[in-house]
>>> print(open('structure07.pdb').read())   # PDB, C-alpha atoms
ATOM      1  CA  MET A  24     131.720 205.423  37.356
ATOM      2  CA  VAL A  25     135.028 203.551  37.346
ATOM      3  CA  ASP A  26     134.701 202.865  41.069
ATOM      4  CA  SER A  27     131.186 201.530  40.574
ATOM      5  CA  PHE A  28     132.404 199.253  37.787
ATOM      6  CA  LEU A  29     135.248 197.950  39.947
ATOM      7  CA  GLU A  30     132.841 197.283  42.808
ATOM      8  CA  ASP A  31     130.542 195.330  40.479
ATOM      9  CA  LEU A  32     133.533 193.413  39.149
ATOM     10  CA  GLN A  33     134.682 192.549  42.659
ATOM     11  CA  GLY A  34     131.164 191.438  43.567
ATOM     12  CA  MET A  35     130.982 189.180  40.515
ATOM     13  CA  ALA A  36     134.404 187.717  41.323
ATOM     14  CA  ALA A  37     133.378 187.023  44.924
ATOM     15  CA  MET A  38     130.138 185.444  43.726
ATOM     16  CA  GLY A  39     132.035 183.270  41.252
ATOM     17  CA  ILE A  40     134.415 182.076  43.953
ATOM     18  CA  CYS A  41     131.534 181.243  46.327
ATOM     19  CA  TYR A  42     129.600 179.293  43.701
ATOM     20  CA  SER A  43     132.730 177.498  42.497
ATOM     21  CA  LEU A  44     133.631 176.438  46.038
ATOM     22  CA  ASN A  45     130.090 175.132  46.458
ATOM     23  CA  ALA A  46     130.000 173.400  43.025
ATOM     24  CA  PRO A  47     131.111 169.925  44.242
ATOM     25  CA  LEU A  48     128.353 169.918  46.842
ATOM     26  CA  ARG A  49     125.848 171.075  44.244
ATOM     27  CA  ARG A  50     126.772 168.285  41.856
ATOM     28  CA  ALA A  51     126.447 165.659  44.578
ATOM     29  CA  GLN A  52     123.099 167.182  45.540
ATOM     30  CA  ILE A  53     121.816 166.975  41.951
ATOM     31  CA  LEU A  54     122.884 163.340  41.599
ATOM     32  CA  MET A  55     121.117 162.469  44.831
ATOM     33  CA  GLN A  56     117.985 164.426  43.909
ATOM     34  CA  SER A  57     117.794 162.825  40.487
ATOM     35  CA  GLY A  58     117.848 159.334  42.001
ATOM     36  CA  MET A  59     121.100 158.374  40.263
ATOM     37  CA  GLN A  60     122.851 157.791  43.596
ATOM     38  CA  PRO A  61     119.915 156.500  45.704
ATOM     39  CA  GLN A  62     121.955 154.145  47.865
ATOM     40  CA  LEU A  63     124.666 156.642  48.789
ATOM     41  CA  ARG A  64     124.749 159.351  51.418
ATOM     42  CA  SER A  65     126.260 162.790  50.969
ATOM     43  CA  ILE A  66     129.968 162.122  51.568
ATOM     44  CA  ALA A  67     129.787 158.734  49.842
ATOM     45  CA  THR A  68     128.342 160.441  46.755
ATOM     46  CA  LEU A  69     131.276 162.847  46.605
ATOM     47  CA  LYS A  70     133.725 159.969  46.984
ATOM     48  CA  SER A  71     132.029 157.976  44.211
ATOM     49  CA  ILE A  72     132.243 160.948  41.825
ATOM     50  CA  VAL A  73     135.969 161.375  42.427
ATOM     51  CA  ALA A  74     136.649 157.629  42.255
ATOM     52  CA  GLY A  75     134.688 157.062  39.069
ATOM     53  CA  GLN A  76     135.190 160.288  37.139
ATOM     54  CA  GLY A  77     138.157 162.144  38.600
ATOM     55  CA  PHE A  78     138.555 165.106  40.918
ATOM     56  CA  LEU A  79     137.782 167.813  38.332
ATOM     57  CA  SER A  80     134.447 166.170  37.519
ATOM     58  CA  LEU A  81     133.158 167.605  40.804
ATOM     59  CA  TRP A  82     132.836 170.910  38.939
ATOM     60  CA  ARG A  83     130.929 169.512  35.973
ATOM     61  CA  GLY A  84     127.981 171.761  35.161
ATOM     62  CA  ASN A  85     129.386 174.715  37.082
ATOM     63  CA  THR A  86     130.146 176.909  34.042
ATOM     64  CA  PRO A  87     126.544 177.345  32.822
ATOM     65  CA  TYR A  88     125.456 177.812  36.442
ATOM     66  CA  LEU A  89     128.003 180.628  36.876
ATOM     67  CA  LEU A  90     126.828 182.277  33.654
ATOM     68  CA  ARG A  91     123.254 182.039  34.827
ATOM     69  CA  ASN A  92     124.065 183.725  38.140
ATOM     70  CA  VAL A  93     126.093 186.474  36.482
ATOM     71  CA  LEU A  94     123.128 187.292  34.235
ATOM     72  CA  TRP A  95     120.507 186.865  36.973
ATOM     73  CA  ASP A  96     121.276 189.051  39.963
ATOM     74  CA  THR A  97     117.689 190.043  40.768
ATOM     75  CA  ASP A  98     116.028 189.142  44.066
ATOM     76  CA  VAL A  99     112.393 189.119  45.084
ATOM     77  CA  GLU A 100     111.641 192.297  46.986
ATOM     78  CA  TYR A 101     109.753 191.941  50.242
ATOM     79  CA  PRO A 102     107.030 193.050  50.520
ATOM     80  CA  VAL A 103     105.786 192.578  46.947
ATOM     81  CA  TYR A 104     102.463 194.345  47.337
ATOM     82  CA  ASP A 105     103.716 197.910  46.884
ATOM     83  CA  LYS A 106     104.547 199.432  43.498
ATOM     84  CA  ALA A 107     108.323 199.118  43.812
ATOM     85  CA  GLY A 108     107.994 195.536  45.005
ATOM     86  CA  LEU A 109     105.766 194.612  42.053
ATOM     87  CA  TRP A 110     108.254 196.038  39.561
ATOM     88  CA  ARG A 111     111.038 194.144  41.302
ATOM     89  CA  PHE A 112     108.957 190.980  41.205
ATOM     90  CA  GLY A 113     108.324 191.421  37.474
ATOM     91  CA  GLY A 114     112.056 191.815  36.879
ATOM     92  CA  PHE A 115     112.707 188.684  38.921
ATOM     93  CA  VAL A 116     110.329 186.581  36.805
ATOM     94  CA  LEU A 117     111.576 188.011  33.501
ATOM     95  CA  THR A 118     115.257 187.466  34.234
ATOM     96  CA  PHE A 119     114.509 183.983  35.561
ATOM     97  CA  LEU A 120     112.653 183.182  32.322
ATOM     98  CA  CYS A 121     115.603 184.356  30.221
ATOM     99  CA  THR A 122     118.323 182.596  32.225
ATOM    100  CA  TYR A 123     116.538 179.368  33.136
ATOM    101  CA  PRO A 124     117.868 177.441  30.078
ATOM    102  CA  LEU A 125     121.386 177.852  31.500
ATOM    103  CA  GLU A 126     120.269 176.425  34.845
ATOM    104  CA  SER A 127     118.499 173.542  33.112
ATOM    105  CA  ILE A 128     121.619 172.759  31.064
ATOM    106  CA  SER A 129     123.735 173.004  34.210
ATOM    107  CA  VAL A 130     121.566 170.386  35.948
ATOM    108  CA  ARG A 131     121.721 168.044  32.939
ATOM    109  CA  MET A 132     125.510 168.321  32.729
ATOM    110  CA  ALA A 133     125.916 167.779  36.482
ATOM    111  CA  ALA A 134     123.751 164.652  36.261
ATOM    112  CA  ASP A 135     125.673 163.353  33.232
ATOM    113  CA  LEU A 136     127.632 160.376  34.532
ATOM    114  CA  ALA A 137     130.461 158.907  32.477
ATOM    115  CA  GLN A 138     129.572 155.836  30.418
ATOM    116  CA  PRO A 139     131.528 152.562  30.802
ATOM    117  CA  SER A 140     133.567 153.634  27.768
ATOM    118  CA  GLY A 141     134.544 156.819  29.594
ATOM    119  CA  SER A 142     132.566 159.079  27.244
ATOM    120  CA  ARG A 143     129.862 161.482  28.340
ATOM    121  CA  ARG A 144     126.507 162.213  26.796
ATOM    122  CA  PHE A 145     127.014 165.982  26.777
ATOM    123  CA  LYS A 146     130.319 167.424  25.584
ATOM    124  CA  GLY A 147     129.551 171.006  26.582
ATOM    125  CA  ILE A 148     126.903 173.679  26.955
ATOM    126  CA  TRP A 149     126.068 174.023  23.259
ATOM    127  CA  ASP A 150     126.116 170.272  22.666
ATOM    128  CA  CYS A 151     123.745 169.777  25.605
ATOM    129  CA  TYR A 152     121.354 172.396  24.232
ATOM    130  CA  GLN A 153     121.412 170.858  20.750
ATOM    131  CA  GLN A 154     120.704 167.357  22.041
ATOM    132  CA  VAL A 155     117.843 168.529  24.257
ATOM    133  CA  GLU A 156     116.340 170.637  21.470
ATOM    134  CA  LYS A 157     116.585 167.752  19.022
ATOM    135  CA  ALA A 158     115.089 165.174  21.406
ATOM    136  CA  ILE A 159     112.354 167.213  23.090
ATOM    137  CA  GLY A 160     112.195 170.562  21.358
ATOM    138  CA  LEU A 161     112.696 174.037  22.751
ATOM    139  CA  ARG A 162     110.399 173.252  25.671
ATOM    140  CA  GLY A 163     113.059 170.779  26.833
ATOM    141  CA  VAL A 164     115.281 173.560  28.200
ATOM    142  CA  TYR A 165     112.302 174.818  30.213
ATOM    143  CA  THR A 166     111.463 171.467  31.794
ATOM    144  CA  GLY A 167     110.916 171.945  35.533
ATOM    145  CA  PHE A 168     110.563 175.704  35.130
ATOM    146  CA  PHE A 169     107.515 176.286  37.321
ATOM    147  CA  PRO A 170     108.561 174.340  40.447
ATOM    148  CA  ARG A 171     112.010 175.963  40.180
ATOM    149  CA  LEU A 172     110.445 179.412  39.946
ATOM    150  CA  GLN A 173     108.182 178.643  42.904
ATOM    151  CA  PHE A 174     111.195 177.457  44.896
ATOM    152  CA  TYR A 175     113.307 180.566  44.352
ATOM    153  CA  MET A 176     110.402 182.957  44.727
ATOM    154  CA  THR A 177     108.873 181.379  47.842
ATOM    155  CA  SER A 178     112.164 180.701  49.616
ATOM    156  CA  GLN A 179     113.343 184.295  49.182
ATOM    157  CA  ILE A 180     110.022 185.733  50.348
ATOM    158  CA  ILE A 181     109.945 183.499  53.454
ATOM    159  CA  HIS A 182     113.575 184.245  54.251
ATOM    160  CA  LYS A 183     113.277 187.998  53.860
ATOM    161  CA  ALA A 184     109.970 188.104  55.732
ATOM    162  CA  LEU A 185     111.528 186.335  58.714
ATOM    163  CA  TYR A 186     114.610 188.541  58.513
ATOM    164  CA  GLU A 187     112.493 191.704  58.507
ATOM    165  CA  GLU A 188     110.559 190.397  61.503
ATOM    166  CA  ALA A 189     113.854 189.815  63.306
ATOM    167  CA  ARG A 190     115.003 193.350  62.478
ATOM    168  CA  GLY A 191     111.865 194.692  64.112
ATOM    169  CA  TYR A 192     111.948 192.386  67.128
ATOM    170  CA  VAL A 193     115.623 192.309  68.151
ATOM    171  CA  PRO A 194     115.917 196.057  69.011
ATOM    172  CA  ARG A 195     113.022 195.655  71.484
ATOM    173  CA  ILE A 196     114.916 193.088  73.579
ATOM    174  CA  GLN A 197     115.641 194.639  76.965
ATOM    175  CA  GLY A 198     119.273 194.886  78.024
ATOM    176  CA  LEU A 199     120.591 194.593  74.479
ATOM    177  CA  ASP A 200     123.021 197.512  74.501
ATOM    178  CA  SER A 201     126.085 196.030  72.815
ATOM    179  CA  PRO A 202     126.338 196.438  68.995
ATOM    180  CA  LEU A 203     128.151 193.106  68.922
ATOM    181  CA  SER A 204     125.247 191.331  70.649
ATOM    182  CA  TYR A 205     122.817 192.977  68.248
ATOM    183  CA  GLY A 206     124.894 191.891  65.251
ATOM    184  CA  ILE A 207     125.149 188.305  66.474
ATOM    185  CA  LEU A 208     121.392 188.064  67.029
ATOM    186  CA  MET A 209     120.658 189.513  63.587
ATOM    187  CA  PHE A 210     123.113 187.088  61.982
ATOM    188  CA  LEU A 211     121.455 184.170  63.764
ATOM    189  CA  GLY A 212     118.061 185.495  62.697
ATOM    190  CA  SER A 213     119.199 185.583  59.082
ATOM    191  CA  GLN A 214     120.488 182.002  59.293
ATOM    192  CA  PHE A 215     117.270 180.867  60.962
ATOM    193  CA  GLY A 216     115.263 182.432  58.130
ATOM    194  CA  ALA A 217     117.454 180.678  55.563
ATOM    195  CA  LEU A 218     116.989 177.320  57.293
ATOM    196  CA  VAL A 219     113.204 177.646  57.614
ATOM    197  CA  SER A 220     112.769 178.766  54.005
ATOM    198  CA  CYS A 221     114.976 175.886  52.837
ATOM    199  CA  LEU A 222     113.021 173.246  54.781
ATOM    200  CA  CYS A 223     109.691 174.626  53.539
ATOM    201  CA  THR A 224     110.563 174.859  49.853
ATOM    202  CA  TYR A 225     113.262 172.245  49.188
ATOM    203  CA  PRO A 226     110.781 169.629  47.848
ATOM    204  CA  LEU A 227     110.036 172.005  44.946
ATOM    205  CA  TYR A 228     113.747 172.036  44.118
ATOM    206  CA  THR A 229     113.873 168.242  44.154
ATOM    207  CA  ILE A 230     110.793 167.975  41.938
ATOM    208  CA  SER A 231     112.281 170.382  39.397
ATOM    209  CA  THR A 232     115.611 168.515  39.333
ATOM    210  CA  ARG A 233     113.853 165.167  38.863
ATOM    211  CA  MET A 234     111.771 166.585  35.990
ATOM    212  CA  ILE A 235     114.896 167.930  34.251
ATOM    213  CA  THR A 236     117.091 164.849  34.620
ATOM    214  CA  SER A 237     114.396 162.332  33.633
ATOM    215  CA  SER A 238     112.937 164.221  30.662
ATOM    216  CA  MET A 239     115.290 162.503  28.165
ATOM    217  CA  SER A 240     116.012 159.189  29.907
ATOM    218  CA  SER A 241     112.431 158.507  31.088
ATOM    219  CA  PRO A 242     110.107 160.772  29.076
ATOM    220  CA  GLY A 243     106.588 160.969  30.413
ATOM    221  CA  GLU A 244     107.444 159.700  33.888
ATOM    222  CA  TYR A 245     107.602 163.133  35.542
ATOM    223  CA  GLN A 246     105.264 165.185  33.371
ATOM    224  CA  ASN A 247     104.274 167.877  35.859
ATOM    225  CA  SER A 248     104.887 168.994  39.434
ATOM    226  CA  PHE A 249     102.007 167.044  40.980
ATOM    227  CA  GLU A 250     102.840 163.819  39.134
ATOM    228  CA  SER A 251     106.493 164.157  40.114
ATOM    229  CA  TYR A 252     105.562 164.776  43.744
ATOM    230  CA  ARG A 253     103.336 161.702  43.830
ATOM    231  CA  THR A 254     105.918 159.483  42.090
ATOM    232  CA  ILE A 255     108.761 160.513  44.412
ATOM    233  CA  LEU A 256     106.547 160.108  47.458
ATOM    234  CA  ASN A 257     105.401 156.623  46.394
ATOM    235  CA  ARG A 258     108.911 155.395  45.578
ATOM    236  CA  ASP A 259     111.080 157.047  48.206
ATOM    237  CA  GLY A 260     108.662 158.416  50.784
ATOM    238  CA  LEU A 261     108.930 161.878  52.308
ATOM    239  CA  ARG A 262     112.670 161.365  52.652
ATOM    240  CA  GLY A 263     112.985 161.308  48.858
ATOM    241  CA  LEU A 264     111.772 164.912  48.605
ATOM    242  CA  TYR A 265     114.649 165.993  50.858
ATOM    243  CA  ARG A 266     117.370 163.888  49.254
ATOM    244  CA  GLY A 267     120.586 165.902  48.947
ATOM    245  CA  LEU A 268     119.503 168.501  51.515
ATOM    246  CA  PRO A 269     122.787 168.374  53.522
ATOM    247  CA  MET A 270     124.619 169.370  50.344
ATOM    248  CA  PHE A 271     122.295 172.317  49.801
ATOM    249  CA  LEU A 272     122.501 173.793  53.301
ATOM    250  CA  PRO A 273     125.958 175.415  52.806
ATOM    251  CA  ALA A 274     124.570 177.429  49.875
ATOM    252  CA  SER A 275     121.607 178.427  52.031
ATOM    253  CA  ILE A 276     123.989 179.570  54.791
ATOM    254  CA  ILE A 277     125.973 181.630  52.264
ATOM    255  CA  TYR A 278     122.784 183.318  51.069
ATOM    256  CA  GLY A 279     121.757 184.041  54.651
ATOM    257  CA  THR A 280     125.167 185.601  55.293
ATOM    258  CA  LEU A 281     124.944 187.772  52.173
ATOM    259  CA  LEU A 282     121.492 188.996  53.182
ATOM    260  CA  PHE A 283     122.822 189.861  56.640
ATOM    261  CA  CYS A 284     125.766 191.759  55.175
TER     262      CYS A 284
END
>>> encode(input="structure07.pdb", output="structure tokens")
Amino acid sequence: MVDSFLEDLQGMAAMGICYSLNAPLRRAQILMQSGMQPQLRSIATLKSIVAGQGFLSLWRGNTPYLLRNVLWDTDVEYPVYDKAGLWRFGGFVLTFLCTYPLESISVRMAADLAQPSGSRRFKGIWDCYQQVEKAIGLRGVYTGFFPRLQFYMTSQIIHKALYEEARGYVPRIQGLDSPLSYGILMFLGSQFGALVSCLCTYPLYTISTRMITSSMSSPGEYQNSFESYRTILNRDGLRGLYRGLPMFLPASIIYGTLLFC
């Protein structure tokens, strides 16, 4: 029992380190997705954050995101059409429903740029929740819920489906006798699945982020997924749906590596 606890603790610590290392990229991604840095590219966005708000501001919004990931460690099981998969899917949706407010708050804090006076709109997790609840109501912390759920659910299913196909196909390759060659091909298959799932579902992630960040500053502008999709497409074109993608790819690679391991 003690060994199991220590293993879980080590896993949580490793997860925290991975997410914390990726936090600066995630914040830049959110700012680009929200349209707050429309004229800047990926590296320029990171530089502007450090220049305008300081180095530590790169990790703004990371604490609620870490809490959310500690509480939500459930994946979609593939396939989902058997009994075990359906139970796993139900657990996925339930835990996502319970932890989504932390993700929503994390996005709002990451998109909170310093005012000319140097002050910020949100002073912390609880202050962010109180302001959102006062301005919009409890539904405010669930803004963007459905496209976010569709993103996580669909991307994991696509990724795991492709990975399972690779696991069935790679052993049939003639002349593949070396365990090292097999491992390399499976690793590449996992990364390919992560890339394909990311490209297919990333617009849902952008739509959800835009709905969250605009719900207080521009209420009514992004009311639902379809309206958000149409607005982004009209203003920024197809490119707007993939804004911030280079910053998201490292996280996708990490997930692909974890699935392979």
>>> resolve_selection(input="structure07.pdb", expression="the PyMOL selection byres ((chain A and resi 236) around 9)", output="list in words")
Ile53, Ser57, Ser127, Val130, Arg131, Ala134, Asp135, Ser231, Thr232, Arg233, Met234, Ile235, Ser237, Ser238, Met239, Ser240 and Ser241 of chain A
>>> write_last_selection(input="structure07.pdb", atoms="C-alpha atoms", output="CSV table (one decimal), in the frame of the given file")
chain,number,residue,atom,x,y,z
A,53,ILE,CA,121.8,167.0,42.0
A,57,SER,CA,117.8,162.8,40.5
A,127,SER,CA,118.5,173.5,33.1
A,130,VAL,CA,121.6,170.4,35.9
A,131,ARG,CA,121.7,168.0,32.9
A,134,ALA,CA,123.8,164.7,36.3
A,135,ASP,CA,125.7,163.4,33.2
A,231,SER,CA,112.3,170.4,39.4
A,232,THR,CA,115.6,168.5,39.3
A,233,ARG,CA,113.9,165.2,38.9
A,234,MET,CA,111.8,166.6,36.0
A,235,ILE,CA,114.9,167.9,34.3
A,237,SER,CA,114.4,162.3,33.6
A,238,SER,CA,112.9,164.2,30.7
A,239,MET,CA,115.3,162.5,28.2
A,240,SER,CA,116.0,159.2,29.9
A,241,SER,CA,112.4,158.5,31.1
>>> residues_around(input="structure07.pdb", residues="A:Leu268", least_positions_apart="3", cutoff="8 Å", atoms="all atoms listed in the file", output="ChimeraX atom specification")
/A:52,225,265,271-272
>>> closest_residue(input="structure07.pdb", among="A:Leu211, A:Phe112, A:Ala158, A:Tyr192", to="A:Tyr175", atoms="all atoms listed in the file")
A:Phe112
>>> closest_residue(input="structure07.pdb", among="A:Ile72, A:Met132, A:Met176, A:Ile230", to="A:Thr254", atoms="only C-alpha atoms")
A:Ile230
>>> residues_around(input="structure07.pdb", residues="stretch 185-187 of chain A", least_positions_apart="2", cutoff="10 Å", atoms="only C-alpha atoms", output="list in words")
Tyr101, Pro102, Gln179, Ile180, Ile181, His182, Lys183, Ala189, Arg190, Gly191, Tyr192, Met209, Phe210, Leu211, Gly212, Ser213, Gln214, Phe215, Gly216, Ala217, Val219, Ser220, Gly279, Leu282 and Phe283 of chain A
>>> closest_residue(input="structure07.pdb", among="A:Asn92, A:Pro273, A:Phe249, A:Leu264", to="A:Met35", atoms="only C-alpha atoms")
A:Asn92
